[in-house]
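Here's target.cif, which has mmCIF, C-alpha atoms:
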data_final
loop_
_atom_site.label_atom_id
_atom_site.label_comp_id
_atom_site.auth_asym_id
_atom_site.auth_seq_id
_atom_site.Cartn_x
_atom_site.Cartn_y
_atom_site.Cartn_z
CA MET A 1 35.58 -37.01 -50.22
CA LEU A 2 32.57 -37.89 -52.35
CA ARG A 3 30.28 -37.40 -49.35
CA ARG A 4 31.85 -33.97 -48.77
CA PHE A 5 31.31 -33.12 -52.45
CA LEU A 6 27.62 -34.10 -52.32
CA THR A 7 27.08 -32.22 -49.05
CA LEU A 8 28.55 -29.01 -50.48
CA SER A 9 26.40 -29.38 -53.61
CA THR A 10 23.21 -29.87 -51.60
CA LEU A 11 23.93 -26.94 -49.29
CA ALA A 12 24.67 -24.53 -52.11
CA LEU A 13 21.62 -25.66 -54.09
CA SER A 14 19.34 -25.10 -51.08
CA LEU A 15 20.73 -21.56 -50.67
CA ILE A 16 20.01 -20.83 -54.32
CA THR A 17 16.52 -22.28 -54.60
CA SER A 18 15.24 -21.04 -51.23
CA GLY A 19 15.45 -17.34 -52.04
CA VAL A 20 16.16 -16.80 -55.72
CA ALA A 21 14.67 -13.55 -56.94
CA GLN A 22 13.69 -13.59 -60.58
CA ASN A 23 15.19 -10.14 -61.18
CA LYS A 24 16.81 -9.55 -64.52
CA GLU A 25 20.55 -9.17 -64.17
CA LYS A 26 23.31 -7.90 -66.40
CA ILE A 27 25.56 -10.80 -67.33
CA LYS A 28 28.98 -10.25 -68.87
CA GLN A 29 30.13 -12.03 -71.98
CA LEU A 30 31.31 -15.12 -70.10
CA ALA A 31 33.81 -17.57 -71.57
CA PRO A 32 34.77 -20.92 -70.05
CA SER A 33 38.15 -21.14 -68.37
CA ALA A 34 40.53 -23.99 -69.13
CA GLN A 35 39.12 -25.66 -66.00
CA GLY A 36 35.53 -25.50 -67.32
CA SER A 37 33.83 -22.94 -65.08
CA THR A 38 33.29 -19.53 -66.69
CA GLY A 39 35.93 -16.93 -65.92
CA LEU A 40 39.36 -15.77 -67.13
CA PHE A 41 42.10 -18.13 -68.36
CA ASN A 42 42.34 -20.35 -65.27
CA LEU A 43 40.48 -18.39 -62.59
CA TYR A 44 36.72 -18.15 -62.22
CA LEU A 45 34.20 -15.32 -62.04
CA ALA A 46 31.29 -15.39 -59.60
CA ASP A 47 28.80 -14.76 -62.43
CA THR A 48 27.15 -17.72 -64.15
CA LEU A 49 25.64 -18.41 -67.53
CA ARG A 50 21.88 -18.09 -67.62
CA ARG A 51 19.52 -20.96 -68.19
CA GLY A 52 19.88 -22.36 -71.69
CA GLU A 53 23.17 -20.63 -72.49
CA VAL A 54 26.16 -22.74 -73.53
CA SER A 55 29.89 -22.04 -73.87
CA LEU A 56 32.48 -24.25 -75.55
CA GLY A 57 36.21 -23.65 -75.10
CA LEU A 58 39.04 -25.25 -77.09
CA ASN A 59 42.24 -24.70 -75.10
CA ILE A 60 45.97 -25.38 -75.37
CA THR A 61 48.21 -24.64 -72.42
CA HIS A 62 51.89 -25.27 -71.72
CA PHE A 63 53.52 -24.94 -68.27
CA ASN A 64 56.35 -26.34 -66.11
CA ARG A 65 56.30 -28.24 -62.82
CA GLU A 66 58.77 -29.61 -60.22
CA PRO A 67 60.59 -31.86 -59.64
CA GLY A 68 62.17 -33.47 -62.67
CA ASP A 69 61.92 -30.44 -64.98
CA LEU A 70 58.42 -31.50 -66.04
CA ASP A 71 56.87 -29.89 -69.13
CA PHE A 72 53.09 -30.24 -69.44
CA THR A 73 51.19 -29.49 -72.64
CA LEU A 74 47.43 -29.94 -72.27
CA PHE A 75 44.59 -29.79 -74.80
CA PRO A 76 41.46 -29.45 -72.65
CA VAL A 77 37.98 -29.04 -74.09
CA SER A 78 35.70 -27.19 -71.66
CA ILE A 79 31.90 -27.07 -71.86
CA THR A 80 29.68 -24.94 -69.62
CA VAL A 81 25.86 -25.05 -69.55
CA GLY A 82 23.50 -22.71 -67.72
CA LEU A 83 21.06 -24.88 -65.77
CA HIS A 84 19.50 -21.90 -64.01
CA ASP A 85 20.13 -18.16 -64.15
CA ARG A 86 22.37 -18.66 -61.11
CA VAL A 87 23.60 -22.25 -61.56
CA GLU A 88 25.92 -23.62 -64.22
CA PHE A 89 27.31 -27.08 -64.89
CA PHE A 90 30.79 -27.46 -66.35
CA VAL A 91 33.12 -30.18 -67.53
CA ALA A 92 36.72 -30.00 -68.79
CA TRP A 93 38.34 -32.99 -70.44
CA GLU A 94 42.03 -33.22 -71.30
CA THR A 95 41.60 -34.65 -74.78
CA HIS A 96 45.39 -34.88 -74.97
CA ARG A 97 48.19 -34.55 -72.43
CA ARG A 98 51.88 -34.51 -73.23
CA VAL A 99 54.42 -34.79 -70.39
CA ASN A 100 58.19 -34.46 -70.74
CA GLY A 101 60.24 -35.51 -67.74
CA ASN A 102 63.65 -34.07 -68.50
CA ALA A 103 65.20 -35.20 -65.22
CA ILE A 104 63.21 -38.40 -64.58
CA THR A 105 64.84 -41.83 -64.56
CA VAL A 106 63.62 -43.75 -67.63
CA ASN A 107 62.65 -47.44 -67.83
CA LYS A 108 63.16 -48.25 -64.17
CA VAL A 109 59.97 -50.38 -63.99
CA GLY A 110 59.86 -53.69 -65.79
CA PRO A 111 56.69 -55.32 -67.18
CA GLY A 112 56.13 -57.45 -64.09
CA ASP A 113 57.46 -55.03 -61.48
CA PRO A 114 55.20 -53.10 -59.09
CA ILE A 115 54.48 -49.47 -59.94
CA VAL A 116 56.62 -47.16 -57.79
CA PRO A 117 56.95 -43.36 -57.44
CA ALA A 118 59.03 -41.49 -60.01
CA ARG A 119 62.75 -41.10 -59.35
CA LEU A 120 65.16 -38.40 -60.44
CA ASN A 121 68.19 -39.14 -62.59
CA ASN A 122 70.60 -37.66 -60.05
CA SER A 123 73.47 -39.51 -58.36
CA LEU A 124 71.19 -40.75 -55.56
CA GLY A 125 68.20 -41.70 -57.68
CA SER A 126 66.01 -39.79 -55.23
CA VAL A 127 62.21 -40.16 -55.22
CA GLY A 128 60.71 -37.00 -56.71
CA PHE A 129 57.29 -36.51 -58.27
CA PHE A 130 54.47 -34.04 -58.91
CA ASN A 131 50.95 -34.95 -57.74
CA ASP A 132 49.43 -35.10 -61.23
CA SER A 133 52.06 -37.52 -62.64
CA PRO A 134 53.49 -39.40 -59.64
CA PHE A 135 54.51 -42.59 -61.52
CA LEU A 136 56.11 -41.08 -64.63
CA ASP A 137 58.57 -43.64 -65.99
CA VAL A 138 59.30 -42.42 -69.52
CA GLY A 139 61.06 -39.45 -71.02
CA SER A 140 57.88 -38.38 -72.78
CA GLY A 141 54.33 -39.64 -72.32
CA GLN A 142 51.25 -38.62 -74.24
CA GLY A 143 47.58 -39.55 -74.55
CA SER A 144 44.20 -38.50 -73.18
CA GLY A 145 44.30 -37.09 -69.65
CA GLU A 146 41.81 -36.55 -66.85
CA LEU A 147 38.33 -35.05 -66.55
CA ARG A 148 37.12 -32.33 -64.18
CA SER A 149 33.46 -31.52 -63.52
CA GLY A 150 31.35 -29.50 -61.11
CA LEU A 151 28.61 -26.98 -60.47
CA LYS A 152 28.88 -23.25 -59.83
CA PHE A 153 26.26 -21.58 -57.64
CA ASN A 154 25.97 -17.79 -57.72
CA LEU A 155 24.97 -16.75 -54.17
CA LEU A 156 25.37 -12.95 -54.34
CA SER A 157 25.34 -10.57 -57.27
CA GLU A 158 26.20 -6.89 -57.52
CA VAL A 159 23.31 -6.19 -59.89
CA ARG A 160 20.89 -7.27 -57.16
CA GLY A 161 22.22 -4.62 -54.86
CA ASN A 162 24.97 -6.62 -53.16
CA PRO A 163 28.36 -4.93 -52.72
CA LEU A 164 30.09 -7.83 -54.53
CA SER A 165 29.43 -11.14 -56.25
CA LEU A 166 29.98 -14.48 -54.51
CA ALA A 167 29.83 -18.05 -55.79
CA VAL A 168 30.76 -21.51 -54.55
CA GLN A 169 31.53 -24.52 -56.71
CA PRO A 170 32.02 -28.14 -55.64
CA ILE A 171 34.29 -29.99 -58.06
CA ILE A 172 35.35 -33.55 -58.73
CA LYS A 173 38.29 -34.85 -60.78
CA PHE A 174 38.15 -38.26 -62.46
CA PRO A 175 41.16 -40.33 -63.60
CA LEU A 176 39.03 -41.99 -66.37
CA SER A 177 41.48 -44.90 -66.47
CA GLN A 178 43.92 -46.49 -64.02
CA SER A 179 45.77 -48.59 -66.55
CA ARG A 180 49.44 -49.36 -65.99
CA THR A 181 50.42 -47.70 -69.27
CA ARG A 182 48.66 -44.41 -68.45
CA LEU A 183 50.17 -44.31 -64.95
CA LEU A 184 53.72 -44.86 -66.24
CA GLN A 185 53.26 -42.24 -68.98
CA GLY A 186 52.22 -39.62 -66.40
CA LEU A 187 48.72 -39.19 -67.89
CA THR A 188 46.93 -39.70 -64.55
CA ASN A 189 47.57 -40.15 -60.86
CA GLY A 190 44.99 -42.94 -60.77
CA ILE A 191 42.66 -41.58 -58.08
CA LEU A 192 39.46 -39.58 -57.78
CA GLU A 193 39.93 -36.15 -56.21
CA ALA A 194 37.18 -33.86 -54.92
CA GLY A 195 37.00 -30.38 -53.45
CA TYR A 196 35.48 -26.93 -53.67
CA ASP A 197 36.22 -23.32 -54.61
CA PHE A 198 34.97 -20.01 -53.24
CA ILE A 199 34.82 -17.20 -55.81
CA LEU A 200 34.65 -13.50 -54.99
CA SER A 201 34.29 -10.94 -57.81
CA LYS A 202 33.99 -7.17 -57.81
CA ASN A 203 33.21 -4.80 -60.68
CA VAL A 204 35.49 -1.78 -60.90
CA ALA A 205 35.52 1.46 -62.86
CA HIS A 206 35.51 1.49 -66.67
CA GLY A 207 33.92 -1.97 -66.98
CA GLY A 208 36.68 -4.00 -65.34
CA THR A 209 36.42 -6.90 -62.90
CA ILE A 210 38.64 -8.22 -60.12
CA THR A 211 38.22 -11.81 -58.99
CA GLY A 212 39.70 -13.94 -56.22
CA ASN A 213 39.52 -17.74 -55.89
CA TYR A 214 40.26 -19.97 -52.89
CA GLY A 215 39.58 -23.68 -52.45
CA HIS A 216 40.84 -27.16 -51.69
CA LEU A 217 41.28 -30.37 -53.65
CA PHE A 218 41.50 -33.52 -51.53
CA ALA A 219 43.50 -36.57 -52.65
CA GLY A 220 43.99 -40.08 -51.32
CA ASP A 221 46.32 -43.04 -51.80
CA SER A 222 47.34 -44.34 -55.20
CA GLN A 223 49.36 -47.50 -55.80
CA GLY A 224 50.31 -47.53 -52.11
CA ILE A 225 51.69 -43.98 -51.91
CA ARG A 226 49.99 -41.04 -50.22
CA LEU A 227 49.31 -38.13 -52.54
CA GLN A 228 48.93 -34.73 -50.98
CA HIS A 229 45.91 -32.48 -50.65
CA ARG A 230 46.27 -29.01 -52.10
CA THR A 231 45.03 -25.50 -51.47
CA ASN A 232 44.29 -23.64 -54.70
CA TYR A 233 44.25 -19.84 -54.79
CA GLY A 234 44.44 -17.01 -57.25
CA LEU A 235 43.84 -13.34 -57.94
CA GLY A 236 43.01 -11.95 -61.37
CA PHE A 237 41.57 -9.03 -63.30
CA GLU A 238 40.08 -8.21 -66.67
CA MET A 239 39.90 -4.71 -68.11
CA PRO A 240 38.40 -3.53 -71.41
CA ILE A 241 40.63 -1.78 -73.92
CA GLY A 242 39.12 0.82 -76.23
CA ALA A 243 35.58 -0.04 -77.30
CA GLY A 244 35.55 -3.18 -75.15
CA ARG A 245 36.00 -5.86 -77.79
CA VAL A 246 39.51 -6.43 -76.45
CA ARG A 247 40.04 -7.19 -72.78
CA ALA A 248 43.36 -7.34 -70.96
CA ILE A 249 43.54 -10.25 -68.49
CA GLY A 250 46.07 -10.96 -65.75
CA GLU A 251 46.21 -13.85 -63.29
CA LEU A 252 48.37 -14.98 -60.40
CA VAL A 253 47.52 -18.65 -59.79
CA GLY A 254 49.04 -20.99 -57.23
CA SER A 255 48.68 -24.23 -55.27
CA ARG A 256 49.97 -25.15 -51.84
CA PHE A 257 50.36 -28.84 -51.02
CA PHE A 258 49.65 -30.02 -47.50
CA GLY A 259 48.90 -33.17 -45.50
CA GLU A 260 51.14 -36.11 -44.71
CA ARG A 261 54.18 -35.67 -46.97
CA THR A 262 55.56 -38.55 -48.99
CA GLN A 263 59.32 -38.22 -49.26
CA GLY A 264 60.21 -36.30 -52.44
CA ALA A 265 56.64 -35.26 -53.26
CA ASN A 266 55.94 -31.77 -54.61
CA PRO A 267 59.05 -29.96 -53.34
CA LYS A 268 57.88 -26.73 -54.95
CA SER A 269 54.27 -25.58 -54.84
CA PRO A 270 53.56 -23.98 -58.25
CA VAL A 271 52.89 -20.26 -58.68
CA ASP A 272 52.11 -19.03 -62.20
CA LEU A 273 51.66 -15.57 -63.67
CA TYR A 274 49.48 -15.19 -66.78
CA LEU A 275 49.24 -12.01 -68.86
CA GLY A 276 47.22 -11.87 -72.06
CA LEU A 277 44.27 -10.65 -74.11
CA ARG A 278 40.77 -11.87 -74.97
CA ILE A 279 39.28 -10.58 -78.23
CA SER A 280 35.55 -10.78 -78.98
CA LEU A 281 35.33 -11.31 -82.74
CA ALA A 282 31.54 -11.53 -82.61
CA ARG A 283 28.80 -12.11 -80.07
CA TRP A 284 29.34 -15.87 -80.32
CA ILE A 285 33.12 -16.27 -80.69
CA SER A 286 36.26 -15.00 -78.94
CA LEU A 287 40.00 -15.64 -79.05
CA SER A 288 42.42 -15.57 -76.10
CA ALA A 289 46.20 -15.77 -75.77
CA ALA A 290 48.49 -15.38 -72.77
CA TYR A 291 52.11 -15.70 -71.68
CA ASN A 292 52.81 -17.85 -68.61
CA LEU A 293 55.72 -17.44 -66.19
CA ASN A 294 56.48 -20.09 -63.56
CA LEU A 295 57.58 -18.15 -60.46
CA ASN A 296 58.59 -21.01 -58.17
CA THR A 297 61.21 -23.45 -59.48
CA ILE A 298 64.31 -25.30 -58.28
CA ASN A 299 67.22 -22.98 -58.97
CA GLY A 300 70.05 -24.10 -56.72
CA ASP A 301 68.18 -23.58 -53.46
CA LEU A 302 67.54 -27.32 -53.19
CA PRO A 303 70.95 -28.87 -53.95
CA ILE A 304 69.83 -32.28 -52.68
CA TYR A 305 68.00 -32.78 -55.99
CA ASP A 306 71.08 -32.19 -58.13
CA ILE A 307 69.05 -31.75 -61.31
CA PRO A 308 68.87 -28.99 -63.95
CA SER A 309 66.69 -25.98 -63.29
CA THR A 310 63.15 -26.23 -64.57
CA GLY A 311 62.04 -23.99 -67.44
CA ARG A 312 59.92 -20.98 -66.55
CA SER A 313 58.11 -19.88 -69.72
CA GLY A 314 54.75 -21.18 -70.91
CA TRP A 315 51.71 -20.04 -72.86
CA PHE A 316 47.93 -20.33 -73.17
CA LEU A 317 45.67 -20.28 -76.26
CA GLN A 318 41.89 -20.50 -76.43
CA VAL A 319 38.99 -20.16 -78.86
CA THR A 320 35.47 -20.08 -77.42
CA PHE A 321 32.04 -20.44 -78.97
CA GLN A 322 28.97 -19.22 -77.10
CA ARG A 323 25.24 -19.62 -77.42
CA LYS A 324 23.80 -16.48 -75.88
CA ILE A 325 20.10 -15.97 -75.23
CA ASN A 326 19.08 -12.45 -76.22
CA ARG A 327 16.32 -11.24 -73.96
CA ALA A 328 14.34 -8.18 -74.97
CA PRO A 329 14.93 -5.03 -72.91
CA SER A 330 12.07 -3.73 -70.80
CA ILE A 331 10.93 -0.12 -70.52
CA ARG A 332 8.53 1.75 -68.24
CA CYS A 333 7.29 5.34 -68.72
CA GLN A 334 7.09 7.57 -65.63
CA PRO A 335 5.35 10.92 -66.36
CA ASN A 336 5.67 13.92 -64.08
CA ARG A 337 2.07 15.02 -64.80
CA VAL A 338 -0.58 13.52 -67.05
CA ILE A 339 -3.04 16.46 -66.90
CA ILE A 340 -1.78 19.86 -68.02
CA GLU A 341 -3.19 23.09 -69.40
CA GLU A 342 -2.58 24.21 -72.99
CA GLY A 343 0.81 25.92 -73.17
CA GLU A 344 2.29 23.95 -70.26
CA SER A 345 4.92 21.22 -70.41
CA THR A 346 5.49 17.93 -68.63
CA THR A 347 8.38 15.46 -68.52
CA ILE A 348 8.35 11.72 -68.99
CA GLN A 349 11.19 9.49 -67.72
CA ALA A 350 12.01 6.15 -69.37
CA VAL A 351 13.13 3.45 -66.91
CA ILE A 352 15.03 0.81 -68.92
CA VAL A 353 16.31 -2.60 -67.83
CA ASP A 354 18.35 -4.84 -70.16
CA SER A 355 19.46 -8.27 -68.94
CA ASP A 356 22.09 -8.56 -71.70
CA ASN A 357 23.86 -5.25 -71.04
CA SER A 358 23.57 -4.53 -74.78
CA LEU A 359 24.10 -1.24 -76.59
CA LEU A 360 20.58 0.24 -76.68
CA SER A 361 18.80 2.83 -78.82
CA LEU A 362 15.92 4.96 -77.46
CA THR A 363 13.43 6.88 -79.61
CA TRP A 364 10.41 9.01 -78.68
CA ARG A 365 7.36 10.07 -80.67
CA ALA A 366 4.15 11.98 -79.90
CA SER A 367 0.74 11.99 -81.57
CA ALA A 368 0.92 15.81 -81.59
CA GLY A 369 2.78 18.65 -79.90
CA ARG A 370 6.51 19.16 -79.58
CA ILE A 371 8.92 16.85 -77.78
CA SER A 372 12.59 17.30 -76.94
CA GLN A 373 14.72 14.41 -75.67
CA GLN A 374 17.26 14.79 -72.88
CA GLY A 375 18.95 11.41 -72.33
CA THR A 376 16.30 8.99 -71.10
CA ARG A 377 13.86 11.85 -70.40
CA VAL A 378 11.60 13.73 -72.83
CA LEU A 379 9.88 17.10 -72.51
CA PHE A 380 6.33 17.33 -73.94
CA ASP A 381 5.21 20.89 -74.85
CA SER A 382 1.45 21.44 -75.37
CA THR A 383 1.73 24.96 -76.78
CA GLY A 384 -0.85 25.47 -79.56
CA LEU A 385 -2.67 22.17 -78.99
CA GLN A 386 -6.44 21.87 -78.74
CA VAL A 387 -8.10 20.43 -75.70
CA GLY A 388 -7.91 16.66 -75.80
CA GLU A 389 -5.79 13.58 -75.12
CA TYR A 390 -2.38 12.97 -76.68
CA THR A 391 -0.01 10.00 -76.56
CA VAL A 392 3.77 10.00 -76.07
CA THR A 393 5.55 6.71 -76.88
CA ALA A 394 9.08 5.53 -76.09
CA GLU A 395 10.73 2.59 -77.88
CA VAL A 396 13.99 0.92 -76.88
CA GLY A 397 15.89 -1.64 -79.00
CA ASP A 398 19.05 -3.74 -78.70
CA GLY A 399 19.45 -4.39 -82.42
CA ASP A 400 17.39 -7.59 -82.37
CA ARG A 401 14.40 -7.00 -80.14
CA THR A 402 12.41 -3.95 -79.03
CA ALA A 403 10.07 -2.88 -76.23
CA SER A 404 7.90 0.20 -75.83
CA CYS A 405 5.75 2.11 -73.35
CA SER A 406 3.21 4.89 -73.79
CA THR A 407 1.82 7.73 -71.70
CA ASP A 408 -1.51 9.51 -72.33
CA ILE A 409 -1.40 13.26 -71.62
CA THR A 410 -4.65 15.18 -71.18
CA VAL A 411 -4.56 18.84 -72.29
CA GLU A 412 -7.20 21.15 -70.76
CA SER A 413 -8.19 24.74 -71.41
CA PRO A 414 -6.24 27.31 -69.40
CA ALA A 415 -7.99 28.36 -66.21
CA ARG A 416 -9.53 31.88 -66.46
#

Kindly present the structure from the file in structure tokens form.
Amino acid sequence: MLRRFLTLSTLALSLITSGVAQNKEKIKQLAPSAQGSTGLFNLYLADTLRRGEVSLGLNITHFNREPGDLDFTLFPVSITVGLHDRVEFFVAWETHRRVNGNAITVNKVGPGDPIVPARLNNSLGSVGFFNDSPFLDVGSGQGSGELRSGLKFNLLSEVRGNPLSLAVQPIIKFPLSQSRTRLLQGLTNGILEAGYDFILSKNVAHGGTITGNYGHLFAGDSQGIRLQHRTNYGLGFEMPIGAGRVRAIGELVGSRFFGERTQGANPKSPVDLYLGLRISLARWISLSAAYNLNLNTINGDLPIYDIPSTGRSGWFLQVTFQRKINRAPSIRCQPNRVIIEEGESTTIQAVIVDSDNSLLSLTWRASAGRISQQGTRVLFDSTGLQVGEYTVTAEVGDGDRTASCSTDITVESPAR
């Protein structure tokens, strides 16, 4: 798995560095997901932070899993750093994990006994566990959880003329500790897992974005039992509301377990719906909140488990802090004619590029004559001017930094 992880990283890096154009690109206000990589709540966007930019996310999320009516409450801290305009590094650490196993047999493992898979408190004492907490042996376990890290490589971008944005990210998940206590409390599965995600994003009308994720996470054996690999997938959107400071976000996120099945492992592959809002309080801080609904639970269709139905409702909260690099906009003046006769007019077009997608102001001025602005174009009227050279200047600003361009217009006497 580690070799596969390194191979994917090397391949993606070679694709990036072999043909990276240094074009300026419009980057959205990106926030880290709960998984670390920038995106929505759990899903990722194909865009990346630019070099030197940093995002910090403080997250709390609560959701349900099968079997055993498991309730997870996680407190991940996610950090994302732009290593390159098209490469970002991310890490997400579960600073605290709380697991409630409402239908798990308690205290079945003694101090000197071998660690065994979790069992349900039904009449048969059946083996039943979820991949992330396979050895849960207490009614409630809590402590620090696992760590996830990876790189995201932006391969295609719409602002460079591509029809959509595409990224790939190799990931690796660390158990941090394989202690007996942490295994029995359900804080880790005790193994290193590695995989990858493909991310496809598309901008839509009115400033919205649709994103789709698809990838795999490969597992191995832990404490003599075979954990299952999983396919991770999801589809999500974000859409601005009003002036754009508030964005509506929706996600459908799921996993499908596959590989050699251990009896009682992962009887229900999770599918979660998230609906919520992200509010930008300032350029450097945002708040997010969402409601979570577990769409795939045991509700009488698997009577062999003979346990209560798992809860469905959950939630997600996040506050993010961002260090954004404000790059000055650029402007270029394109005149229609630079030599005119007195009484004639000419137009000058301003070509503006802003890498931050900021709200811009454009002003024009002339050393003499009359000018009238029409959007990003200005009309210069030489009526009444003497023969000579005159300068028309355009200045664009984003509130912090400005750029300007000038055009010299030569006015000649009218031809007799």

message = With distances taken over only C-alpha atoms, which residue among A:Asn64, A:Thr48, A:Thr209, A:Gln318 lies nearest Asn292 of chain A?
response =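 Once distances to Asn292 of chain A are computed over only C-alpha atoms, the minimum belongs to A:Asn64.
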
Go through the shown structure with the PyMOL selection byres ((chain A and resi 261-277) around 8) and write out the matching residues as JSON, numbers by chain. {"A": [65, 66, 67, 126, 127, 128, 129, 130, 131, 225, 226, 227, 228, 246, 247, 248, 249, 250, 251, 252, 253, 254, 255, 256, 257, 258, 259, 260, 278, 279, 288, 289, 290, 291, 292, 293, 294, 295, 296, 297, 298]}

Gly101 of chain A proximity check over A:Leu136, A:Leu200, A:Leu362, A:Leu281, using all atoms listed in the file: winner is A:Leu136

**Prompt:** Within 12 Å of Ile285 of chain A, counting all atoms listed in the file, which residues qualify if same-chain residues fewer than 6 places away don't, as a ChimeraX atom specification?
**Reply:** /A:29-32,54-58,245,278-279,318-324

Store the residues of this selection in a file with C-alpha atoms, as a PDB file, in the frame of the given file.
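So out36.pdb came out as:
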ATOM      1  CA  GLN A  29      30.130 -12.030 -71.980  1.00  0.00           C
ATOM      2  CA  LEU A  30      31.310 -15.120 -70.100  1.00  0.00           C
ATOM      3  CA  ALA A  31      33.810 -17.570 -71.570  1.00  0.00           C
ATOM      4  CA  PRO A  32      34.770 -20.920 -70.050  1.00  0.00           C
ATOM      5  CA  VAL A  54      26.160 -22.740 -73.530  1.00  0.00           C
ATOM      6  CA  SER A  55      29.890 -22.040 -73.870  1.00  0.00           C
ATOM      7  CA  LEU A  56      32.480 -24.250 -75.550  1.00  0.00           C
ATOM      8  CA  GLY A  57      36.210 -23.650 -75.100  1.00  0.00           C
ATOM      9  CA  LEU A  58      39.040 -25.250 -77.090  1.00  0.00           C
ATOM     10  CA  ARG A 245      36.000  -5.860 -77.790  1.00  0.00           C
ATOM     11  CA  ARG A 278      40.770 -11.870 -74.970  1.00  0.00           C
ATOM     12  CA  ILE A 279      39.280 -10.580 -78.230  1.00  0.00           C
ATOM     13  CA  GLN A 318      41.890 -20.500 -76.430  1.00  0.00           C
ATOM     14  CA  VAL A 319      38.990 -20.160 -78.860  1.00  0.00           C
ATOM     15  CA  THR A 320      35.470 -20.080 -77.420  1.00  0.00           C
ATOM     16  CA  PHE A 321      32.040 -20.440 -78.970  1.00  0.00           C
ATOM     17  CA  GLN A 322      28.970 -19.220 -77.100  1.00  0.00           C
ATOM     18  CA  ARG A 323      25.240 -19.620 -77.420  1.00  0.00           C
ATOM     19  CA  LYS A 324      23.800 -16.480 -75.880  1.00  0.00           C
TER      20      LYS A 324
END

Given the file shown, enumerate the residues that the PyMOL selection byres ((chain A and resi 202) around 10) captures and present them as a PyMOL selection string. chain A and resi 45-46+157-158+163-166+200-201+203-204+208-212+237

#### Entry: Atomic distance atom CA of Val116 of chain A - atom CA of Gly139 of chain A, expressed in Å with one decimal
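That distance, rounded to one decimal, is 15.9 Å.
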
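Proximity of A:Gly150, A:Pro134, A:Gly234, A:Pro414 to Leu187 of chain A, computed with all atoms listed in the file, is greatest for A:Pro134.
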
From the options A:Asp400, A:Glu395, A:Glu146, A:Glu193, which residue's atoms come nearest to Trp93 of chain A, counting all atoms listed in the file?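 So, comparing all the options, the nearest one is A:Glu146.
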
Anything within 6 Å of (-0.8, 10.6, -81.7): list those residues as a compact mmCIF listing (two decimals) with C-alpha atoms, in the frame of the given file, counting all atoms listed in the file and sticking to the file's coordinates.
# COMPACT_ATOMS: atom_id res chain seq x y z
CA ALA A 366 4.15 11.98 -79.90
CA SER A 367 0.74 11.99 -81.57
CA ALA A 368 0.92 15.81 -81.59
CA TYR A 390 -2.38 12.97 -76.68
CA THR A 391 -0.01 10.00 -76.56
